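Read through the structure below, which is laid out as structure tokens, and then see the notes.
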Amino acid sequence: MVHDTAPPAAKARSVLRDSAFLRLWTATTASGLATWALPFVLGLAVLSRSLTAVELGVLLAARTTGFLAAVPISGVLADRYARRQVVLYSGLTSAIAAPVLTAFLGNSLVLAAVAAAAMGAGQGACRPAFSALTAEVVEPVQRQQANAAMTMSIRVTTLVAPGLTALLALVVNTQGLLLGIGALWLVAALVPPAGSGQVPSADGKGFVTEFLDGVREARRHPWFLAGLGALSAVIATGYSATGVVLPLVSRDRYGTEAVLAGALTAYTLGALAGAVLMARWRPRAAGWTGLFGLALYGFAPLALLLPVHPFVVIAVYAVAGLGIDLFNVPWFTATQREVEPSKLARVSSLDFLLSYGLAPAGLALIAPAITEFGTSAVLIVCAVVCFAAPAIAALVPSSRDFGPRHE
């Protein structure tokens with residue numbers, strides 16, 4: 001367990017004045033923008049008839065497969081070697097894959113899928129390494145502010161990037177946009193600062209043994225298992241259900257796509273507000289606050305179930321967005337604080353593997369479930385799960401503060 005030993009001077013200094021953190025923030029923002037941009041740009045390729053819808057599905061599936069395969073491998077490597085090196089090679093993998101994808105897009109689906117899988121692998125490999133590198137670069141008392149700043153960059157990117165990319169598409173073709181994604185990955189690879197040094201080697205342990213050591217470390221923290229279970233449940237049910245049902249409700253109940261656009265924008269703005277709030281707020285029961293925020297997502301399927309005014313749907317999505325970053329910021333901060341530093345990347349990889357990994361499964365199962373049981377039944381079940389899972393997680397004693405309390 002890592003205790004707060006930062007000197008008073010560190011407590012008074014803003015993390016935004018730290019050049020090492022700003023380099024790390026720039027790199028993670030570039031990787032986040034590149035990650036978001038790929039499916040959007042490939043979607044533009046469908047509109048321009050460079051790709052078919054089936055080919056788009058194959059490329060996105062290949063990227064997801066690469067991501068999920070790389071996350072646990074990266075977790076082990078980032079705990080075995082210097083995290084900065086893992087970020088470098090991960091970013092370079094995606095950067096090199098971008099021109100390959102550009103060359104074969106519309107020409108060879110197999111080679112384009114291989115390139116998309118490589119980009120997904122680079123994306124997945126950098127996630128645990130970035131999380132662990134944050135703990136090396138940022139002082140303990142500044143980590144919540146740092147994680148809030150990281151989250152803010154993601155939300156601003158989500159809010160602004162679609163319009164900017166659409167404008168770029170007026171003057172740059174799909175191939176040029178894909179090369180731009182490669183350039184973003186170069187920034188992610190080359191800009192981050194060095195960490196505090198190489199973590200201890202695994203002394204010849206095999207990959208599986210090292211990964212299982214990370215699992216054992218995760219099990220040592222009941223709050224982590226409880227919180228991860230709640231997060232995975234919300235993503236696999238509520239997030240997936242609303243992702244499928246929201247477009248249908250917007251079209252069929254309200255007769256306009258404006259509700260869809262408004263709800264998604266409100267969600268992003270709400271999440272941005274949550275990140276801004278958590279940059280300064282230090283709730284006494286940070287874990288319970290985060291789990292309460294996570295449970296707020298349960299109102300989203302309820303809003304889609306009930307015949308409410310469209311502005312209610314939009315407002316509920318803003319509240320859900322606010323809640324998700326009430327959870328995310330203290331969650332990442334607690335993981336960086338409580339987990340053994342030499343096993344942090346492996347534990348973080350479990351987080352990304354389950355939370356991100358269950359999202360495609362949830363999306364794949366929701367549509368058949370709606371066909372079999374009806375939209376109302378699915379939304380009711382998803383709302384119950386979204387409310388119940390965080391409430392059950394909160395019953396674990398160490399969940400109150402996401403770790404033992406330091407009096």
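Ordering of the structure tokens sets the chain letters (A, B, ...), residue numbers begin anew at 1 in every chain, and ligands are numbered from 1 in the order given.
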Residue neighbourhood A:Leu59, 7 Å, only C-alpha atoms, exclusion window fewer than 4 positions, as a ChimeraX atom specification: /A:55,63,113,116
List the spatial neighbours of stretch 213-225 of chain A as a compact mmCIF listing (two decimals) with all heavy atoms, in the first residue's frame - criterion: any atom at most 8 Å away, only C-alpha atoms, same-chain residues fewer than 2 positions off excluded.
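Below is the file result-v2.txt, written as the result:
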```txt
# COMPACT_ATOMS: atom_id res chain seq x y z
N THR A 209 2.07 -17.04 -14.93
CA THR A 209 2.34 -16.87 -13.50
C THR A 209 2.30 -15.40 -13.10
O THR A 209 1.72 -15.04 -12.07
CB THR A 209 3.71 -17.47 -13.14
OG1 THR A 209 3.71 -18.85 -13.47
CG2 THR A 209 4.00 -17.30 -11.65
N GLU A 210 2.91 -14.56 -13.93
CA GLU A 210 2.92 -13.13 -13.63
C GLU A 210 1.51 -12.54 -13.70
O GLU A 210 1.12 -11.72 -12.86
CB GLU A 210 3.82 -12.40 -14.62
CG GLU A 210 5.30 -12.67 -14.42
CD GLU A 210 6.13 -11.87 -15.39
OE1 GLU A 210 6.09 -10.63 -15.33
OE2 GLU A 210 6.82 -12.47 -16.22
N PHE A 211 0.73 -12.97 -14.70
CA PHE A 211 -0.64 -12.46 -14.81
C PHE A 211 -1.46 -12.89 -13.60
O PHE A 211 -2.22 -12.09 -13.04
CB PHE A 211 -1.28 -12.95 -16.09
CG PHE A 211 -2.66 -12.40 -16.33
CD1 PHE A 211 -2.83 -11.10 -16.78
CD2 PHE A 211 -3.79 -13.16 -16.07
CE1 PHE A 211 -4.10 -10.57 -16.98
CE2 PHE A 211 -5.05 -12.65 -16.26
CZ PHE A 211 -5.21 -11.35 -16.72
N GLY A 227 -16.06 -2.98 -6.90
CA GLY A 227 -16.25 -1.86 -7.83
C GLY A 227 -16.16 -2.29 -9.27
O GLY A 227 -16.95 -1.83 -10.12
N LEU A 228 -15.22 -3.18 -9.58
CA LEU A 228 -15.08 -3.66 -10.96
C LEU A 228 -16.29 -4.48 -11.37
O LEU A 228 -16.77 -4.38 -12.51
CB LEU A 228 -13.80 -4.48 -11.10
CG LEU A 228 -13.49 -5.01 -12.50
CD1 LEU A 228 -13.42 -3.88 -13.52
CD2 LEU A 228 -12.18 -5.79 -12.49
N GLY A 229 -16.81 -5.27 -10.45
CA GLY A 229 -18.02 -6.02 -10.75
C GLY A 229 -19.20 -5.10 -11.05
O GLY A 229 -19.97 -5.33 -11.99
N THR A 335 -6.96 3.10 -7.26
CA THR A 335 -6.18 1.98 -7.80
C THR A 335 -4.69 2.32 -7.79
O THR A 335 -3.85 1.50 -7.39
CB THR A 335 -6.63 1.65 -9.23
OG1 THR A 335 -8.04 1.35 -9.22
CG2 THR A 335 -5.88 0.45 -9.78
N VAL A 339 -2.87 -0.18 -4.87
CA VAL A 339 -2.31 -1.40 -5.45
C VAL A 339 -0.79 -1.36 -5.37
O VAL A 339 -0.16 -0.31 -5.53
CB VAL A 339 -2.77 -1.54 -6.92
CG1 VAL A 339 -2.02 -2.67 -7.63
CG2 VAL A 339 -4.28 -1.79 -6.97
N GLU A 340 -0.19 -2.50 -5.11
CA GLU A 340 1.26 -2.63 -5.09
C GLU A 340 1.84 -2.09 -6.40
O GLU A 340 1.45 -2.52 -7.48
CB GLU A 340 1.64 -4.10 -4.92
CG GLU A 340 3.12 -4.39 -5.01
CD GLU A 340 3.91 -3.77 -3.88
OE1 GLU A 340 3.36 -3.69 -2.76
OE2 GLU A 340 5.06 -3.36 -4.13
N LYS A 343 2.74 -4.22 -9.37
CA LYS A 343 1.66 -5.01 -9.97
C LYS A 343 0.53 -4.12 -10.50
O LYS A 343 -0.51 -4.63 -10.92
CB LYS A 343 1.11 -6.00 -8.95
CG LYS A 343 2.15 -6.99 -8.45
CD LYS A 343 1.61 -7.87 -7.34
CE LYS A 343 2.73 -8.80 -6.81
NZ LYS A 343 2.25 -9.59 -5.65
N LEU A 344 0.77 -2.82 -10.54
CA LEU A 344 -0.29 -1.88 -10.89
C LEU A 344 -0.77 -2.06 -12.32
O LEU A 344 -1.98 -2.01 -12.59
CB LEU A 344 0.20 -0.45 -10.68
CG LEU A 344 -0.76 0.68 -11.06
CD1 LEU A 344 -2.09 0.53 -10.34
CD2 LEU A 344 -0.13 2.04 -10.74
N ARG A 346 -0.77 -4.75 -14.18
CA ARG A 346 -1.56 -5.97 -14.32
C ARG A 346 -2.96 -5.81 -13.74
O ARG A 346 -3.95 -6.26 -14.33
CB ARG A 346 -0.83 -7.13 -13.64
CG ARG A 346 0.25 -7.76 -14.49
CD ARG A 346 1.13 -8.71 -13.70
NE ARG A 346 2.07 -8.00 -12.84
CZ ARG A 346 2.95 -8.58 -12.05
NH1 ARG A 346 2.98 -9.91 -11.96
NH2 ARG A 346 3.78 -7.86 -11.32
N VAL A 347 -3.07 -5.14 -12.60
CA VAL A 347 -4.38 -4.90 -12.02
C VAL A 347 -5.19 -3.97 -12.91
O VAL A 347 -6.39 -4.18 -13.15
CB VAL A 347 -4.25 -4.33 -10.59
CG1 VAL A 347 -5.61 -3.93 -10.04
CG2 VAL A 347 -3.60 -5.36 -9.67
N LEU A 350 -6.72 -5.81 -15.79
CA LEU A 350 -7.96 -6.51 -15.45
C LEU A 350 -9.15 -5.57 -15.53
O LEU A 350 -10.23 -5.94 -16.02
CB LEU A 350 -7.87 -7.09 -14.04
CG LEU A 350 -6.93 -8.28 -13.83
CD1 LEU A 350 -6.85 -8.60 -12.34
CD2 LEU A 350 -7.42 -9.49 -14.62
N ALA A 393 -22.10 -3.50 -4.25
CA ALA A 393 -20.67 -3.21 -4.08
C ALA A 393 -20.42 -2.34 -2.86
O ALA A 393 -19.41 -2.49 -2.16
CB ALA A 393 -20.13 -2.53 -5.34
N VAL A 396 -19.61 -3.86 0.65
CA VAL A 396 -18.26 -4.31 1.01
C VAL A 396 -17.61 -3.21 1.86
O VAL A 396 -17.52 -2.05 1.42
CB VAL A 396 -17.42 -4.58 -0.25
CG1 VAL A 396 -15.99 -4.93 0.10
CG2 VAL A 396 -18.07 -5.70 -1.06
N PRO A 397 -17.17 -3.50 3.08
CA PRO A 397 -16.72 -2.43 3.99
C PRO A 397 -15.65 -1.51 3.40
O PRO A 397 -15.73 -0.29 3.55
CB PRO A 397 -16.18 -3.22 5.19
CG PRO A 397 -16.95 -4.50 5.18
CD PRO A 397 -17.17 -4.82 3.74
N SER A 398 -14.66 -2.06 2.70
CA SER A 398 -13.59 -1.21 2.18
C SER A 398 -14.03 -0.37 0.99
O SER A 398 -13.27 0.50 0.53
CB SER A 398 -12.38 -2.07 1.79
OG SER A 398 -12.73 -3.05 0.83
N SER A 399 -15.25 -0.59 0.49
CA SER A 399 -15.75 0.22 -0.62
C SER A 399 -16.07 1.65 -0.20
O SER A 399 -16.20 2.53 -1.06
CB SER A 399 -16.99 -0.42 -1.24
OG SER A 399 -16.66 -1.61 -1.92
N PHE A 402 -12.85 3.19 -1.12
CA PHE A 402 -12.02 2.50 -2.11
C PHE A 402 -10.65 2.21 -1.51
O PHE A 402 -9.60 2.54 -2.06
CB PHE A 402 -11.87 3.31 -3.38
CG PHE A 402 -13.07 3.27 -4.30
CD1 PHE A 402 -13.25 4.25 -5.26
CD2 PHE A 402 -14.01 2.26 -4.19
CE1 PHE A 402 -14.36 4.22 -6.11
CE2 PHE A 402 -15.12 2.22 -5.03
CZ PHE A 402 -15.29 3.21 -6.00
N GLY A 403 -10.65 1.57 -0.36
CA GLY A 403 -9.40 1.22 0.33
C GLY A 403 -9.50 1.56 1.80
O GLY A 403 -10.41 2.27 2.24
```
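By only C-alpha atoms, and with residues fewer than 3 positions from A:Arg400 along its chain excluded, the set lying at most 10 Å from it is Trp223, Arg284, Ala285, Ala286, Gly287, Trp288, Thr289, Gly290, Leu291, Ala393, Ala394, Leu395, Val396, Pro397, Gly403, Pro404 and Arg405 of chain A.
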Determine, using only C-alpha atoms, which residues of stretch 28-60 of chain A have any atom at most 10 Å from an atom of stretch 89-98 of chain A, and tabulate each with its shortest atom pair and distance in Å to one decimal place, rows ordered by chain and then rising number, as a Markdown table.
```
| residue | atom | partner | partner_atom | distance |
| --- | --- | --- | --- | --- |
| A:Ser31 | CA | A:Gly91 | CA | 8.0 |
| A:Ala34 | CA | A:Ser94 | CA | 9.4 |
| A:Thr35 | CA | A:Ser94 | CA | 9.8 |
| A:Leu38 | CA | A:Ala98 | CA | 9.6 |
```
Selection above as a file: all heavy atoms, as a PDB file, in the first residue's frame:
```
ATOM      1  N   SER A  31      -3.585   9.764 -27.815  1.00  0.00           N
ATOM      2  CA  SER A  31      -4.015   8.373 -27.966  1.00  0.00           C
ATOM      3  C   SER A  31      -5.531   8.258 -27.897  1.00  0.00           C
ATOM      4  O   SER A  31      -6.142   7.476 -28.639  1.00  0.00           O
ATOM      5  CB  SER A  31      -3.360   7.491 -26.903  1.00  0.00           C
ATOM      6  OG  SER A  31      -3.907   7.739 -25.620  1.00  0.00           O
ATOM      7  N   ALA A  34      -6.940   9.499 -31.202  1.00  0.00           N
ATOM      8  CA  ALA A  34      -6.713   8.505 -32.250  1.00  0.00           C
ATOM      9  C   ALA A  34      -7.654   7.317 -32.089  1.00  0.00           C
ATOM     10  O   ALA A  34      -8.185   6.786 -33.071  1.00  0.00           O
ATOM     11  CB  ALA A  34      -5.261   8.044 -32.212  1.00  0.00           C
ATOM     12  N   THR A  35      -7.874   6.898 -30.850  1.00  0.00           N
ATOM     13  CA  THR A  35      -8.768   5.775 -30.579  1.00  0.00           C
ATOM     14  C   THR A  35     -10.188   6.102 -31.001  1.00  0.00           C
ATOM     15  O   THR A  35     -10.875   5.295 -31.647  1.00  0.00           O
ATOM     16  CB  THR A  35      -8.734   5.420 -29.085  1.00  0.00           C
ATOM     17  OG1 THR A  35      -7.409   5.005 -28.739  1.00  0.00           O
ATOM     18  CG2 THR A  35      -9.716   4.317 -28.752  1.00  0.00           C
ATOM     19  N   LEU A  38     -10.698   6.526 -35.219  1.00  0.00           N
ATOM     20  CA  LEU A  38     -10.654   5.440 -36.195  1.00  0.00           C
ATOM     21  C   LEU A  38     -12.049   4.970 -36.626  1.00  0.00           C
ATOM     22  O   LEU A  38     -12.325   4.934 -37.835  1.00  0.00           O
ATOM     23  CB  LEU A  38      -9.821   4.272 -35.663  1.00  0.00           C
ATOM     24  CG  LEU A  38      -9.675   3.100 -36.636  1.00  0.00           C
ATOM     25  CD1 LEU A  38      -8.982   3.537 -37.919  1.00  0.00           C
ATOM     26  CD2 LEU A  38      -8.915   1.947 -35.989  1.00  0.00           C
TER      27      LEU A  38
END
```
Distance query A:Phe387 at most 7 Å, only C-alpha atoms, self and fewer than 4 positions along chain excluded, as a VMD selection string: chain A and resid 295 298 383 391
What would the file look like if the residues just selected were written as a PDB file, in the first residue's frame with N, CA, C and O atoms?
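Generated output (out_6.pdb):
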```
ATOM      1  N   ALA A 295     -24.398   4.403 -10.067  1.00  0.00           N
ATOM      2  CA  ALA A 295     -25.800   3.962 -10.035  1.00  0.00           C
ATOM      3  C   ALA A 295     -26.726   4.932 -10.762  1.00  0.00           C
ATOM      4  O   ALA A 295     -27.818   4.538 -11.191  1.00  0.00           O
ATOM      5  N   GLY A 298     -28.640   4.122 -13.969  1.00  0.00           N
ATOM      6  CA  GLY A 298     -29.891   3.375 -14.005  1.00  0.00           C
ATOM      7  C   GLY A 298     -31.084   4.202 -14.443  1.00  0.00           C
ATOM      8  O   GLY A 298     -32.085   3.657 -14.930  1.00  0.00           O
ATOM      9  N   ALA A 383     -32.176  -1.448 -15.830  1.00  0.00           N
ATOM     10  CA  ALA A 383     -32.265  -0.422 -14.794  1.00  0.00           C
ATOM     11  C   ALA A 383     -32.047  -1.027 -13.411  1.00  0.00           C
ATOM     12  O   ALA A 383     -31.316  -0.469 -12.577  1.00  0.00           O
ATOM     13  N   ALA A 391     -25.055  -0.731  -5.464  1.00  0.00           N
ATOM     14  CA  ALA A 391     -25.534  -0.830  -4.080  1.00  0.00           C
ATOM     15  C   ALA A 391     -24.936  -2.053  -3.394  1.00  0.00           C
ATOM     16  O   ALA A 391     -24.513  -1.988  -2.222  1.00  0.00           O
TER      17      ALA A 391
END
```
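We find atom CA of A:Thr265 and atom CA of A:Thr158 to be spaced 8.9 Å apart.
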Contact table stretch 197-289 of chain A vs stretch 312-329 of chain A, cut-off 8 Å, shortest pair per residue, only C-alpha atoms, as CSV:
```
residue,atom,partner,partner_atom,distance
A:Val259,CA,A:Ile314,CA,7.0
A:Gly262,CA,A:Ile314,CA,6.0
A:Ala263,CA,A:Ile314,CA,4.4
A:Leu264,CA,A:Tyr317,CA,7.2
A:Ala266,CA,A:Ala318,CA,4.6
A:Tyr267,CA,A:Ala318,CA,4.4
A:Thr268,CA,A:Gly321,CA,6.1
A:Leu269,CA,A:Ala318,CA,6.6
A:Gly270,CA,A:Leu322,CA,4.3
A:Ala271,CA,A:Gly321,CA,4.1
A:Leu272,CA,A:Leu322,CA,7.2
A:Ala273,CA,A:Leu322,CA,6.2
A:Gly274,CA,A:Leu322,CA,4.5
A:Ala275,CA,A:Asp325,CA,5.6
A:Met278,CA,A:Leu326,CA,6.6
A:Gly287,CA,A:Phe327,CA,7.8
A:Thr289,CA,A:Leu326,CA,6.9
```
Please dump the current selection as a CSV table (one decimal), in the first residue's frame; keep all heavy atoms.
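Wrote out09.csv, looks like this:
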```
chain,number,residue,atom,x,y,z
A,259,VAL,N,-33.2,14.0,-30.5
A,259,VAL,CA,-33.2,13.5,-29.1
A,259,VAL,C,-31.9,12.6,-28.9
A,259,VAL,O,-31.2,12.7,-27.9
A,259,VAL,CB,-34.4,12.7,-28.8
A,259,VAL,CG1,-34.3,12.0,-27.4
A,259,VAL,CG2,-35.7,13.6,-28.9
A,262,GLY,N,-29.0,15.1,-28.8
A,262,GLY,CA,-29.0,15.9,-27.6
A,262,GLY,C,-28.6,15.0,-26.4
A,262,GLY,O,-27.9,15.5,-25.5
A,263,ALA,N,-29.1,13.8,-26.3
A,263,ALA,CA,-28.8,12.9,-25.2
A,263,ALA,C,-27.3,12.6,-25.1
A,263,ALA,O,-26.7,12.7,-24.1
A,263,ALA,CB,-29.6,11.6,-25.2
A,264,LEU,N,-26.7,12.3,-26.3
A,264,LEU,CA,-25.3,12.0,-26.3
A,264,LEU,C,-24.4,13.2,-26.0
A,264,LEU,O,-23.4,13.1,-25.3
A,264,LEU,CB,-24.9,11.4,-27.7
A,264,LEU,CG,-25.6,10.1,-28.0
A,264,LEU,CD1,-25.1,9.6,-29.4
A,264,LEU,CD2,-25.2,9.0,-27.0
A,266,ALA,N,-25.5,15.7,-24.1
A,266,ALA,CA,-25.7,16.0,-22.7
A,266,ALA,C,-24.9,15.0,-21.8
A,266,ALA,O,-24.3,15.4,-20.8
A,266,ALA,CB,-27.2,15.8,-22.3
A,267,TYR,N,-24.8,13.8,-22.2
A,267,TYR,CA,-24.0,12.8,-21.5
A,267,TYR,C,-22.5,13.3,-21.4
A,267,TYR,O,-21.9,13.2,-20.3
A,267,TYR,CB,-24.1,11.4,-22.1
A,267,TYR,CG,-23.2,10.4,-21.5
A,267,TYR,CD1,-23.8,9.6,-20.4
A,267,TYR,CD2,-22.0,10.1,-21.9
A,267,TYR,CE1,-23.0,8.7,-19.8
A,267,TYR,CE2,-21.2,9.1,-21.3
A,267,TYR,CZ,-21.7,8.4,-20.2
A,267,TYR,OH,-21.0,7.4,-19.6
A,268,THR,N,-22.0,13.7,-22.5
A,268,THR,CA,-20.6,14.1,-22.5
A,268,THR,C,-20.4,15.4,-21.7
A,268,THR,O,-19.4,15.5,-20.9
A,268,THR,CB,-20.1,14.4,-24.0
A,268,THR,OG1,-20.3,13.2,-24.8
A,268,THR,CG2,-18.7,14.9,-24.0
A,269,LEU,N,-21.3,16.3,-21.8
A,269,LEU,CA,-21.2,17.6,-21.0
A,269,LEU,C,-21.4,17.2,-19.5
A,269,LEU,O,-20.7,17.8,-18.7
A,269,LEU,CB,-22.3,18.6,-21.4
A,269,LEU,CG,-22.1,19.2,-22.8
A,269,LEU,CD1,-23.3,20.1,-23.1
A,269,LEU,CD2,-20.9,20.1,-22.8
A,270,GLY,N,-22.3,16.3,-19.2
A,270,GLY,CA,-22.4,15.9,-17.8
A,270,GLY,C,-21.1,15.3,-17.2
A,270,GLY,O,-20.7,15.5,-16.1
A,271,ALA,N,-20.5,14.4,-18.1
A,271,ALA,CA,-19.3,13.8,-17.6
A,271,ALA,C,-18.1,14.8,-17.5
A,271,ALA,O,-17.3,14.7,-16.5
A,271,ALA,CB,-18.9,12.7,-18.7
A,272,LEU,N,-18.1,15.8,-18.4
A,272,LEU,CA,-17.1,16.8,-18.3
A,272,LEU,C,-17.3,17.6,-17.0
A,272,LEU,O,-16.3,17.9,-16.2
A,272,LEU,CB,-17.2,17.8,-19.5
A,272,LEU,CG,-16.2,18.9,-19.5
A,272,LEU,CD1,-14.8,18.4,-19.5
A,272,LEU,CD2,-16.5,19.8,-20.8
A,273,ALA,N,-18.6,17.9,-16.6
A,273,ALA,CA,-18.8,18.6,-15.4
A,273,ALA,C,-18.4,17.7,-14.2
A,273,ALA,O,-17.9,18.2,-13.2
A,273,ALA,CB,-20.3,18.9,-15.3
A,274,GLY,N,-18.6,16.4,-14.3
A,274,GLY,CA,-18.2,15.5,-13.2
A,274,GLY,C,-16.7,15.5,-13.0
A,274,GLY,O,-16.2,15.5,-11.9
A,275,ALA,N,-16.0,15.5,-14.1
A,275,ALA,CA,-14.5,15.6,-14.0
A,275,ALA,C,-14.0,16.9,-13.4
A,275,ALA,O,-13.1,16.9,-12.6
A,275,ALA,CB,-13.9,15.4,-15.4
A,278,MET,N,-14.6,16.7,-9.7
A,278,MET,CA,-13.7,15.8,-9.0
A,278,MET,C,-12.3,16.3,-9.0
A,278,MET,O,-11.4,15.8,-8.2
A,278,MET,CB,-13.8,14.4,-9.5
A,278,MET,CG,-15.2,13.8,-9.4
A,278,MET,SD,-15.8,13.8,-7.6
A,278,MET,CE,-14.6,12.8,-6.8
A,287,GLY,N,-15.4,6.3,-2.1
A,287,GLY,CA,-15.9,5.1,-2.7
A,287,GLY,C,-17.5,5.1,-2.9
A,287,GLY,O,-18.0,4.8,-3.9
A,289,THR,N,-19.4,7.7,-2.8
A,289,THR,CA,-19.7,8.7,-3.7
A,289,THR,C,-19.6,8.2,-5.2
A,289,THR,O,-20.5,8.5,-6.0
A,289,THR,CB,-18.8,10.0,-3.5
A,289,THR,OG1,-19.0,10.4,-2.2
A,289,THR,CG2,-19.2,11.1,-4.5
```
DSSP-assigned alpha helix (DSSP H) members of stretch 201-266 of chain A, reported as a PyMOL selection string: chain A and resi 207-219+222-234+240-252+258-266
Minimum-distance residue to A:Leu88, chosen among A:Ala61, A:Ala27, A:Leu365, A:Cys386 (using only C-alpha atoms): A:Ala27
Long-range neighbours of A:Asn107 as a PyMOL selection string, 12 Å cut-off, only C-alpha atoms, 4 positions minimum in chain: chain A and resi 50-52+55+100-103+111-113
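Closest to A:Gln144 among A:Ala345, A:Val15, A:Ile366, A:Leu358 is A:Val15, based on only C-alpha atoms.
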Distance query A:Phe332 at most 9 Å, only C-alpha atoms, self and fewer than 6 positions along chain excluded, as a PyMOL selection string: chain A and resi 131+143-144+147+348
